[in-house]
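The next block holds one structure in the form of structure tokens; read it before the comments.
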Amino acid sequence: MRFQTEGGIIVPAVAADQMREVDRIAVEDFGLGILQMMENAGRNLAQNTIDMLGGEPGPVTILAGGGGNGGGGLCCARHLHNRGYEVHLVLDRDAGAMRGAAGTQLQILQATGLGVTRPDMAVGADGAGDAINRARVVVDALIGYSLRGAPRGRAAELILASNRHERVLSLDVPSGLDSTTGEAPGAVVRPERTLTLALPKTGMGDIAGDLYLADIGIPPEVYERLGLSYRSPFPDAGYWVRLSMRRG
């Protein structure tokens with residue numbers, strides 16, 4: 001499966017196992033840091049959010065999980081906060097359960113004084129449902145390409161709540177979608193736009209909404225290690241591009 005940019009550059013798609021190997025090679029063999037790539041992802045995600053807002057002010061609600069996808073969403077929240085946007089953060093777990101790189105991103109945000117909305121669905125001043133309803137754009141950073149089985153618990157509730165909003169931006173893969181097969185074993189986000197990272201995934205051929213690709217700083221030589229034919233799809237001054245499916 002292949003995708004292409006509006007300029008006609010062909011971009012290969014990868015399955016989840018291949019993307020895991022891309023990440024491993026980038027970190028172990030090339031020395032890229034998880035936080036380094038996460039920062040690039042979060043900055044691109046923030047820029048896409050601003051693009052969807054048309055540069056106008058308005059509340060943004062970010063739904064974040066505990067893995068790398070959630071860490072990118074938390075980094076996005078910081079970049080939006082730095083630019084004066086009203087940001088509401090909803091986690092799919094208690095803040096104290098955030099670990100690793102995502103936990104580090106949350107600590108940075110908490111040091112700024114940005115609060116975390118309770119992850120329950122109660123409607124009210126502190127409820128996640130209210131934060132979603134009031135947002136101009138909802139950012140889905142709950143589950144990335146490593147989905148295993150149907151989403152459960154708070155993550156599933158937040159997916160269903162996000163689908164009541166018209167303007168959703170998903171990071172990497174719409175949460176709940178199998179990035180390899182395109183199947184949805186349970187609740188799945190239906191985004192207006194998806195910003196996928198590094199390379200598109202093989203299960204994204206028929207996703208809802210527009211598809212964009214973000215540069216997170218992985219050298220072409222990483223992809224070449226996997227036998228992928230890769231030509232940079234990014235314009236000289238850009239770090240994200242729109243993709244379409246190339247059939248045949």
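To be explicit about the labels: the chains of the structure tokens are called A, B, and onward in the order shown, and within each one the residues are counted from 1, while ligands get numbers from 1 in the order they are shown.
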
Each region 26-75 of chain A residue no farther than 12 Å from region 239-248 of chain A, nearest pair in Å, only C-alpha atoms, as a Markdown table:
| residue | atom | partner | partner_atom | distance |
| --- | --- | --- | --- | --- |
| A:Asn40 | CA | A:Tyr239 | CA | 9.1 |
| A:Ala41 | CA | A:Tyr239 | CA | 9.9 |
| A:Gly42 | CA | A:Tyr239 | CA | 11.9 |
| A:Arg43 | CA | A:Tyr239 | CA | 9.8 |
| A:Asn44 | CA | A:Trp240 | CA | 7.1 |
| A:Leu45 | CA | A:Trp240 | CA | 9.5 |
| A:Ala46 | CA | A:Trp240 | CA | 11.6 |
| A:Gln47 | CA | A:Trp240 | CA | 9.3 |
| A:Asn48 | CA | A:Trp240 | CA | 8.7 |
| A:Asp51 | CA | A:Trp240 | CA | 11.6 |

**Request:** Go through chain A and collect every residue that DSSP, computed from the backbone, puts in alpha helix (DSSP H); the answer should be as a PyMOL selection string.
**Result:** chain A and resi 16-28+34-53+68-82+100-112+128-134+153-162+220-225

**Asked** Pick the closest to Leu35 (chain A) from A:Gly209, A:Gly217, A:Gly65, A:Gly176: which is it, counting only C-alpha atoms?
**Response**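 Among the listed residues, the smallest separation from Leu35 (chain A) belongs to A:Gly217.
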
**Message:** If we count only C-alpha atoms and set the cut-off at 10 Å, which residues sit around Glu86 (chain A), ignoring sequence neighbours fewer than 3 positions away in its own chain? Please answer as a PyMOL selection string.
**Reply:** chain A and resi 57-61+77+80-83+114+135

Mind writing the picked residues with C-alpha atoms as a PDB file, in the first residue's frame?
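Contents of the output file again.pdb:
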ATOM      1  CA  PRO A  57      -8.702  31.778  19.500  1.00  0.00           C
ATOM      2  CA  GLY A  58     -10.882  29.182  21.103  1.00  0.00           C
ATOM      3  CA  PRO A  59     -10.756  26.331  23.599  1.00  0.00           C
ATOM      4  CA  VAL A  60      -8.978  23.107  22.650  1.00  0.00           C
ATOM      5  CA  THR A  61      -9.520  19.865  24.565  1.00  0.00           C
ATOM      6  CA  ALA A  77      -0.935  21.034  24.912  1.00  0.00           C
ATOM      7  CA  LEU A  80      -0.728  25.602  22.447  1.00  0.00           C
ATOM      8  CA  HIS A  81      -0.529  26.921  26.014  1.00  0.00           C
ATOM      9  CA  ASN A  82       2.709  28.745  25.136  1.00  0.00           C
ATOM     10  CA  ARG A  83       0.853  30.514  22.337  1.00  0.00           C
ATOM     11  CA  LEU A 114      -2.257  23.807  33.607  1.00  0.00           C
ATOM     12  CA  ALA A 135     -13.981  22.795  22.634  1.00  0.00           C
TER      13      ALA A 135
END

**Message:** Taking only region 53-240 of chain A into account, list the residues labelled strand (DSSP E or B) by DSSP (computed from the backbone), as a VMD selection string.
**Reply:** chain A and resid 60 to 64 87 to 91 116 to 117 137 to 141 168 to 171 193 to 197 201 210 to 214 240

**Request:** Name the residues in contact with Leu91 (chain A) at a cut-off of 7 Å, using only C-alpha atoms, excluding same-chain residues fewer than 3 positions from it; report them as a PyMOL selection string.
**Result:** chain A and resi 63-65+94+119

Please dump the current selection as a PDB file, in the first residue's frame; keep N, CA, C and O atoms.
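See part_32.pdb below for the written result:
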ATOM      1  N   LEU A  63      -7.341  14.897  24.565  1.00  0.00           N
ATOM      2  CA  LEU A  63      -7.567  13.614  25.218  1.00  0.00           C
ATOM      3  C   LEU A  63      -6.285  12.811  25.105  1.00  0.00           C
ATOM      4  O   LEU A  63      -5.842  12.498  23.989  1.00  0.00           O
ATOM      5  N   ALA A  64      -5.665  12.469  26.228  1.00  0.00           N
ATOM      6  CA  ALA A  64      -4.341  11.849  26.201  1.00  0.00           C
ATOM      7  C   ALA A  64      -4.327  10.526  26.955  1.00  0.00           C
ATOM      8  O   ALA A  64      -4.848  10.423  28.067  1.00  0.00           O
ATOM      9  N   GLY A  65      -3.691   9.544  26.341  1.00  0.00           N
ATOM     10  CA  GLY A  65      -3.454   8.271  26.993  1.00  0.00           C
ATOM     11  C   GLY A  65      -2.092   8.245  27.656  1.00  0.00           C
ATOM     12  O   GLY A  65      -1.390   9.258  27.719  1.00  0.00           O
ATOM     13  N   ASP A  94      -5.708   8.158  35.931  1.00  0.00           N
ATOM     14  CA  ASP A  94      -5.322   9.138  36.941  1.00  0.00           C
ATOM     15  C   ASP A  94      -3.938   9.698  36.618  1.00  0.00           C
ATOM     16  O   ASP A  94      -3.066   8.991  36.106  1.00  0.00           O
ATOM     17  N   PRO A 119     -11.155  12.475  34.501  1.00  0.00           N
ATOM     18  CA  PRO A 119     -11.439  11.628  33.343  1.00  0.00           C
ATOM     19  C   PRO A 119     -12.824  10.995  33.354  1.00  0.00           C
ATOM     20  O   PRO A 119     -13.105  10.123  32.539  1.00  0.00           O
TER      21      PRO A 119
END

**Message:** List the spatial neighbours of Asp29 (chain A) as a list in words - criterion: any atom at most 12 Å away, only C-alpha atoms, same-chain residues fewer than 6 positions off excluded.
**Reply:**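 Close residues of Asp29 (chain A): Glu21, Val22, Asp23, Ile218, Pro219, Glu221, Val222 and Arg225 of chain A.
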
Pull all heavy atoms from the residues just selected and write them as a compact mmCIF listing (two decimals), in the first residue's frame.
# COMPACT_ATOMS: atom_id res chain seq x y z
N GLU A 21 9.77 -1.37 14.52
CA GLU A 21 11.17 -1.56 14.15
C GLU A 21 11.80 -0.23 13.73
O GLU A 21 12.97 0.02 14.04
CB GLU A 21 11.27 -2.59 13.02
CG GLU A 21 12.67 -3.00 12.65
CD GLU A 21 13.42 -3.74 13.75
OE1 GLU A 21 12.84 -4.02 14.82
OE2 GLU A 21 14.62 -4.03 13.54
N VAL A 22 11.04 0.62 13.05
CA VAL A 22 11.53 1.96 12.73
C VAL A 22 11.90 2.70 14.00
O VAL A 22 12.98 3.29 14.12
CB VAL A 22 10.47 2.76 11.93
CG1 VAL A 22 10.85 4.24 11.88
CG2 VAL A 22 10.34 2.21 10.52
N ASP A 23 11.01 2.67 14.98
CA ASP A 23 11.28 3.35 16.25
C ASP A 23 12.51 2.77 16.94
O ASP A 23 13.34 3.50 17.49
CB ASP A 23 10.06 3.24 17.17
CG ASP A 23 8.92 4.15 16.75
OD1 ASP A 23 9.18 5.12 16.00
OD2 ASP A 23 7.78 3.90 17.16
N ILE A 218 13.14 11.56 11.79
CA ILE A 218 13.79 10.27 11.55
C ILE A 218 14.55 10.34 10.23
O ILE A 218 13.98 10.67 9.19
CB ILE A 218 12.75 9.14 11.53
CG1 ILE A 218 12.11 8.99 12.90
CG2 ILE A 218 13.40 7.83 11.10
CD1 ILE A 218 11.02 7.94 12.97
N PRO A 219 15.85 10.03 10.23
CA PRO A 219 16.63 10.09 8.99
C PRO A 219 16.17 9.06 7.96
O PRO A 219 15.71 7.96 8.32
CB PRO A 219 18.06 9.77 9.45
CG PRO A 219 18.06 10.05 10.92
CD PRO A 219 16.69 9.70 11.39
N GLU A 221 17.85 7.10 6.29
CA GLU A 221 18.63 5.86 6.42
C GLU A 221 17.97 4.84 7.34
O GLU A 221 18.21 3.63 7.20
CB GLU A 221 20.04 6.19 6.92
CG GLU A 221 20.92 6.91 5.91
CD GLU A 221 20.61 8.40 5.78
OE1 GLU A 221 19.80 8.92 6.59
OE2 GLU A 221 21.18 9.04 4.88
N VAL A 222 17.14 5.30 8.26
CA VAL A 222 16.40 4.36 9.11
C VAL A 222 15.44 3.53 8.27
O VAL A 222 15.35 2.31 8.40
CB VAL A 222 15.64 5.13 10.22
CG1 VAL A 222 14.71 4.18 10.99
CG2 VAL A 222 16.61 5.80 11.18
N ARG A 225 17.11 0.89 6.12
CA ARG A 225 17.49 -0.35 6.83
C ARG A 225 16.39 -1.41 6.70
O ARG A 225 16.68 -2.60 6.78
CB ARG A 225 17.69 -0.04 8.32
CG ARG A 225 18.91 0.79 8.63
CD ARG A 225 20.15 -0.07 8.81
NE ARG A 225 21.27 0.73 9.29
CZ ARG A 225 21.63 0.81 10.57
NH1 ARG A 225 20.96 0.11 11.49
NH2 ARG A 225 22.64 1.57 10.94

**Which residue of A:Met52, A:Leu106, A:Val188, A:Met98 approaches Leu74 (chain A) most closely, using only C-alpha atoms** =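 For Leu74 (chain A), the nearest of the given residues is A:Leu106.
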
Give me, as a tab-separated table (two decimals) with all heavy atoms, in the first residue's frame, all polymer residues having an atom no more than 12 Å from Asp206 (chain A), counting only C-alpha atoms and skipping those fewer than 2 positions away in the same chain.
chain	number	residue	atom	x	y	z
A	1	MET	N	0.85	-1.19	0.00
A	1	MET	CA	0.00	0.00	0.00
A	1	MET	C	0.88	1.24	0.00
A	1	MET	O	1.88	1.31	0.71
A	1	MET	CB	-0.92	0.00	1.22
A	1	MET	CG	-1.84	1.21	1.30
A	1	MET	SD	-2.99	1.09	2.67
A	1	MET	CE	-4.03	-0.25	2.11
A	3	PHE	N	0.88	5.76	-0.42
A	3	PHE	CA	0.18	7.04	-0.42
A	3	PHE	C	1.01	8.02	-1.25
A	3	PHE	O	2.16	7.73	-1.61
A	3	PHE	CB	0.02	7.55	1.01
A	3	PHE	CG	-0.91	6.71	1.84
A	3	PHE	CD1	-0.49	5.52	2.41
A	3	PHE	CD2	-2.21	7.13	2.07
A	3	PHE	CE1	-1.35	4.76	3.18
A	3	PHE	CE2	-3.08	6.37	2.83
A	3	PHE	CZ	-2.65	5.18	3.39
A	173	VAL	N	-2.90	7.72	14.53
A	173	VAL	CA	-3.96	6.81	14.08
A	173	VAL	C	-5.22	7.16	14.87
A	173	VAL	O	-5.13	7.42	16.08
A	173	VAL	CB	-3.58	5.34	14.37
A	173	VAL	CG1	-4.67	4.40	13.90
A	173	VAL	CG2	-2.25	4.98	13.72
A	174	PRO	N	-6.39	7.19	14.24
A	174	PRO	CA	-7.61	7.39	15.04
A	174	PRO	C	-7.70	6.32	16.13
A	174	PRO	O	-7.58	5.12	15.85
A	174	PRO	CB	-8.74	7.22	14.00
A	174	PRO	CG	-8.10	7.59	12.69
A	174	PRO	CD	-6.68	7.08	12.79
A	177	LEU	N	-8.55	2.26	16.03
A	177	LEU	CA	-8.33	1.66	14.72
A	177	LEU	C	-7.08	0.78	14.74
A	177	LEU	O	-6.04	1.18	15.26
A	177	LEU	CB	-8.16	2.75	13.66
A	177	LEU	CG	-8.03	2.28	12.21
A	177	LEU	CD1	-9.41	1.94	11.65
A	177	LEU	CD2	-7.35	3.33	11.34
A	178	ASP	N	-7.19	-0.41	14.18
A	178	ASP	CA	-6.01	-1.26	14.00
A	178	ASP	C	-5.19	-0.66	12.87
A	178	ASP	O	-5.63	-0.63	11.71
A	178	ASP	CB	-6.44	-2.69	13.65
A	178	ASP	CG	-5.28	-3.66	13.60
A	178	ASP	OD1	-4.32	-3.40	12.85
A	178	ASP	OD2	-5.32	-4.69	14.29
A	179	SER	N	-3.99	-0.18	13.17
A	179	SER	CA	-3.21	0.56	12.19
A	179	SER	C	-2.70	-0.32	11.05
A	179	SER	O	-2.37	0.19	9.98
A	179	SER	CB	-2.02	1.25	12.88
A	179	SER	OG	-1.13	0.28	13.42
A	181	THR	N	-4.48	-3.33	9.84
A	181	THR	CA	-5.57	-3.88	9.04
A	181	THR	C	-6.66	-2.87	8.69
A	181	THR	O	-7.43	-3.10	7.76
A	181	THR	CB	-6.23	-5.05	9.78
A	181	THR	OG1	-6.90	-4.55	10.95
A	181	THR	CG2	-5.19	-6.09	10.20
A	182	GLY	N	-6.76	-1.80	9.46
A	182	GLY	CA	-7.84	-0.84	9.26
A	182	GLY	C	-9.13	-1.25	9.94
A	182	GLY	O	-10.15	-0.55	9.82
A	183	GLU	N	-9.12	-2.37	10.66
A	183	GLU	CA	-10.32	-2.83	11.36
A	183	GLU	C	-10.47	-2.10	12.69
A	183	GLU	O	-9.49	-1.58	13.25
A	183	GLU	CB	-10.24	-4.34	11.59
A	183	GLU	CG	-10.20	-5.15	10.30
A	183	GLU	CD	-9.98	-6.62	10.56
A	183	GLU	OE1	-9.68	-6.99	11.72
A	183	GLU	OE2	-10.09	-7.41	9.60
A	184	ALA	N	-11.70	-2.09	13.19
A	184	ALA	CA	-11.99	-1.47	14.49
A	184	ALA	C	-12.65	-2.52	15.37
A	184	ALA	O	-13.82	-2.84	15.18
A	184	ALA	CB	-12.89	-0.26	14.32
A	190	ARG	N	-13.79	8.98	14.96
A	190	ARG	CA	-14.08	9.38	13.57
A	190	ARG	C	-13.61	10.82	13.39
A	190	ARG	O	-14.38	11.76	13.56
A	190	ARG	CB	-15.57	9.23	13.27
A	190	ARG	CG	-16.09	7.80	13.39
A	190	ARG	CD	-17.52	7.68	12.90
A	190	ARG	NE	-18.43	8.48	13.69
A	190	ARG	CZ	-19.06	8.06	14.78
A	190	ARG	NH1	-18.85	6.83	15.22
A	190	ARG	NH2	-19.89	8.85	15.43
A	194	THR	N	-6.49	13.43	10.48
A	194	THR	CA	-5.51	12.61	11.19
A	194	THR	C	-4.12	13.08	10.80
A	194	THR	O	-3.84	13.24	9.60
A	194	THR	CB	-5.67	11.12	10.86
A	194	THR	OG1	-6.97	10.67	11.27
A	194	THR	CG2	-4.61	10.28	11.59
A	201	LYS	N	0.30	4.41	7.89
A	201	LYS	CA	0.14	3.02	8.28
A	201	LYS	C	-0.78	2.30	7.28
A	201	LYS	O	-1.66	2.90	6.69
A	201	LYS	CB	-0.44	2.93	9.70
A	201	LYS	CG	0.22	3.88	10.73
A	201	LYS	CD	1.72	3.84	10.76
A	201	LYS	CE	2.35	4.74	11.81
A	201	LYS	NZ	2.40	6.17	11.48
A	202	THR	N	-0.57	1.00	7.13
A	202	THR	CA	-1.27	0.25	6.08
A	202	THR	C	-2.78	0.21	6.29
A	202	THR	O	-3.52	0.01	5.33
A	202	THR	CB	-0.74	-1.19	6.00
A	202	THR	OG1	-0.86	-1.82	7.30
A	202	THR	CG2	0.71	-1.22	5.56
A	203	GLY	N	-3.25	0.42	7.51
A	203	GLY	CA	-4.68	0.36	7.78
A	203	GLY	C	-5.39	1.68	7.59
A	203	GLY	O	-6.57	1.81	7.95
A	204	MET	N	-4.72	2.68	7.00
A	204	MET	CA	-5.29	4.02	6.94
A	204	MET	C	-5.89	4.36	5.58
A	204	MET	O	-6.24	5.50	5.31
A	204	MET	CB	-4.22	5.05	7.30
A	204	MET	CG	-3.56	4.78	8.64
A	204	MET	SD	-2.38	6.03	9.15
A	204	MET	CE	-3.50	7.25	9.83
A	208	ALA	N	-11.74	7.94	8.00
A	208	ALA	CA	-12.57	9.12	7.84
A	208	ALA	C	-11.71	10.38	7.85
A	208	ALA	O	-10.68	10.44	8.50
A	208	ALA	CB	-13.59	9.19	8.99
A	209	GLY	N	-12.12	11.37	7.08
A	209	GLY	CA	-11.47	12.67	7.12
A	209	GLY	C	-10.18	12.74	6.32
A	209	GLY	O	-9.82	11.82	5.58
A	210	ASP	N	-9.48	13.86	6.49
A	210	ASP	CA	-8.24	14.12	5.76
A	210	ASP	C	-7.05	13.47	6.48
A	210	ASP	O	-7.05	13.34	7.71
A	210	ASP	CB	-8.00	15.62	5.65
A	210	ASP	CG	-9.09	16.32	4.84
A	210	ASP	OD1	-9.60	15.72	3.88
A	210	ASP	OD2	-9.44	17.47	5.19
A	211	LEU	N	-6.04	13.12	5.69
A	211	LEU	CA	-4.83	12.50	6.24
A	211	LEU	C	-3.63	13.39	5.95
A	211	LEU	O	-3.40	13.79	4.80
A	211	LEU	CB	-4.62	11.12	5.62
A	211	LEU	CG	-3.35	10.37	6.05
A	211	LEU	CD1	-3.36	10.09	7.54
A	211	LEU	CD2	-3.22	9.06	5.26
A	244	SER	N	-2.82	11.44	0.06
A	244	SER	CA	-3.97	10.74	-0.48
A	244	SER	C	-3.56	9.32	-0.80
A	244	SER	O	-2.38	9.00	-0.97
A	244	SER	CB	-4.50	11.44	-1.74
A	244	SER	OG	-3.51	11.47	-2.76
A	245	MET	N	-4.55	8.42	-0.88
A	245	MET	CA	-4.29	7.03	-1.18
A	245	MET	C	-3.94	6.88	-2.64
A	245	MET	O	-4.57	7.48	-3.51
A	245	MET	CB	-5.54	6.21	-0.84
A	245	MET	CG	-5.42	4.74	-1.10
A	245	MET	SD	-4.31	3.95	0.06
A	245	MET	CE	-4.36	2.28	-0.56
A	246	ARG	N	-2.92	6.10	-2.93
A	246	ARG	CA	-2.55	5.80	-4.32
A	246	ARG	C	-2.91	4.34	-4.58
A	246	ARG	O	-2.34	3.43	-3.99
A	246	ARG	CB	-1.07	6.04	-4.56
A	246	ARG	CG	-0.64	5.75	-6.02
A	246	ARG	CD	0.85	5.96	-6.18
A	246	ARG	NE	1.29	5.60	-7.52
A	246	ARG	CZ	1.39	6.45	-8.53
A	246	ARG	NH1	1.06	7.71	-8.36
A	246	ARG	NH2	1.82	6.05	-9.72
A	247	ARG	N	-3.85	4.14	-5.47
A	247	ARG	CA	-4.31	2.77	-5.77
A	247	ARG	C	-3.73	2.32	-7.11
A	247	ARG	O	-3.54	3.12	-8.01
A	247	ARG	CB	-5.83	2.69	-5.79
A	247	ARG	CG	-6.46	3.11	-4.46
A	247	ARG	CD	-7.95	2.89	-4.44
A	247	ARG	NE	-8.55	3.40	-3.20
A	247	ARG	CZ	-8.60	2.73	-2.07
A	247	ARG	NH1	-8.08	1.52	-2.01
A	247	ARG	NH2	-9.14	3.26	-1.00

**Message:** Show me, as a ChimeraX atom specification, the residues that have an atom within 8 Å of Val14 (chain A) when counting only C-alpha atoms, minus same-chain residues fewer than 4 positions from it.
**Reply:** /A:18-19,180,199-202

**Message:** Please determine, counting only C-alpha atoms, which residue among A:Gly66, A:Ser229, A:Ala161, A:Asp236 has the shortest atom-to-atom distance to Gly129 (chain A).
**Reply:** A:Ala161

**Which residue of A:Gly68, A:Gly54, A:Gly8, A:Gly33 approaches Leu197 (chain A) most closely, using only C-alpha atoms** = A:Gly68

**Request:** Could you tell me which of A:Ala237, A:Ile216, A:Leu89, A:Ala95 comes closest to Ala141 (chain A) if we count only C-alpha atoms?
**Result:** A:Leu89

**Request:** Would you mind reading off the distance between CA of Asp130 (chain A) and CA of Gly67 (chain A), one decimal, in Å?
**Result:** 24.3 Å

**Message:** Just checking: using only C-alpha atoms, which residue out of A:Gly55, A:Pro12, A:Gly96, A:Gly144 ends up closest to Gly70 (chain A)?
**Reply:**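 Counting only C-alpha atoms, the residue closest to Gly70 (chain A) is A:Gly144.
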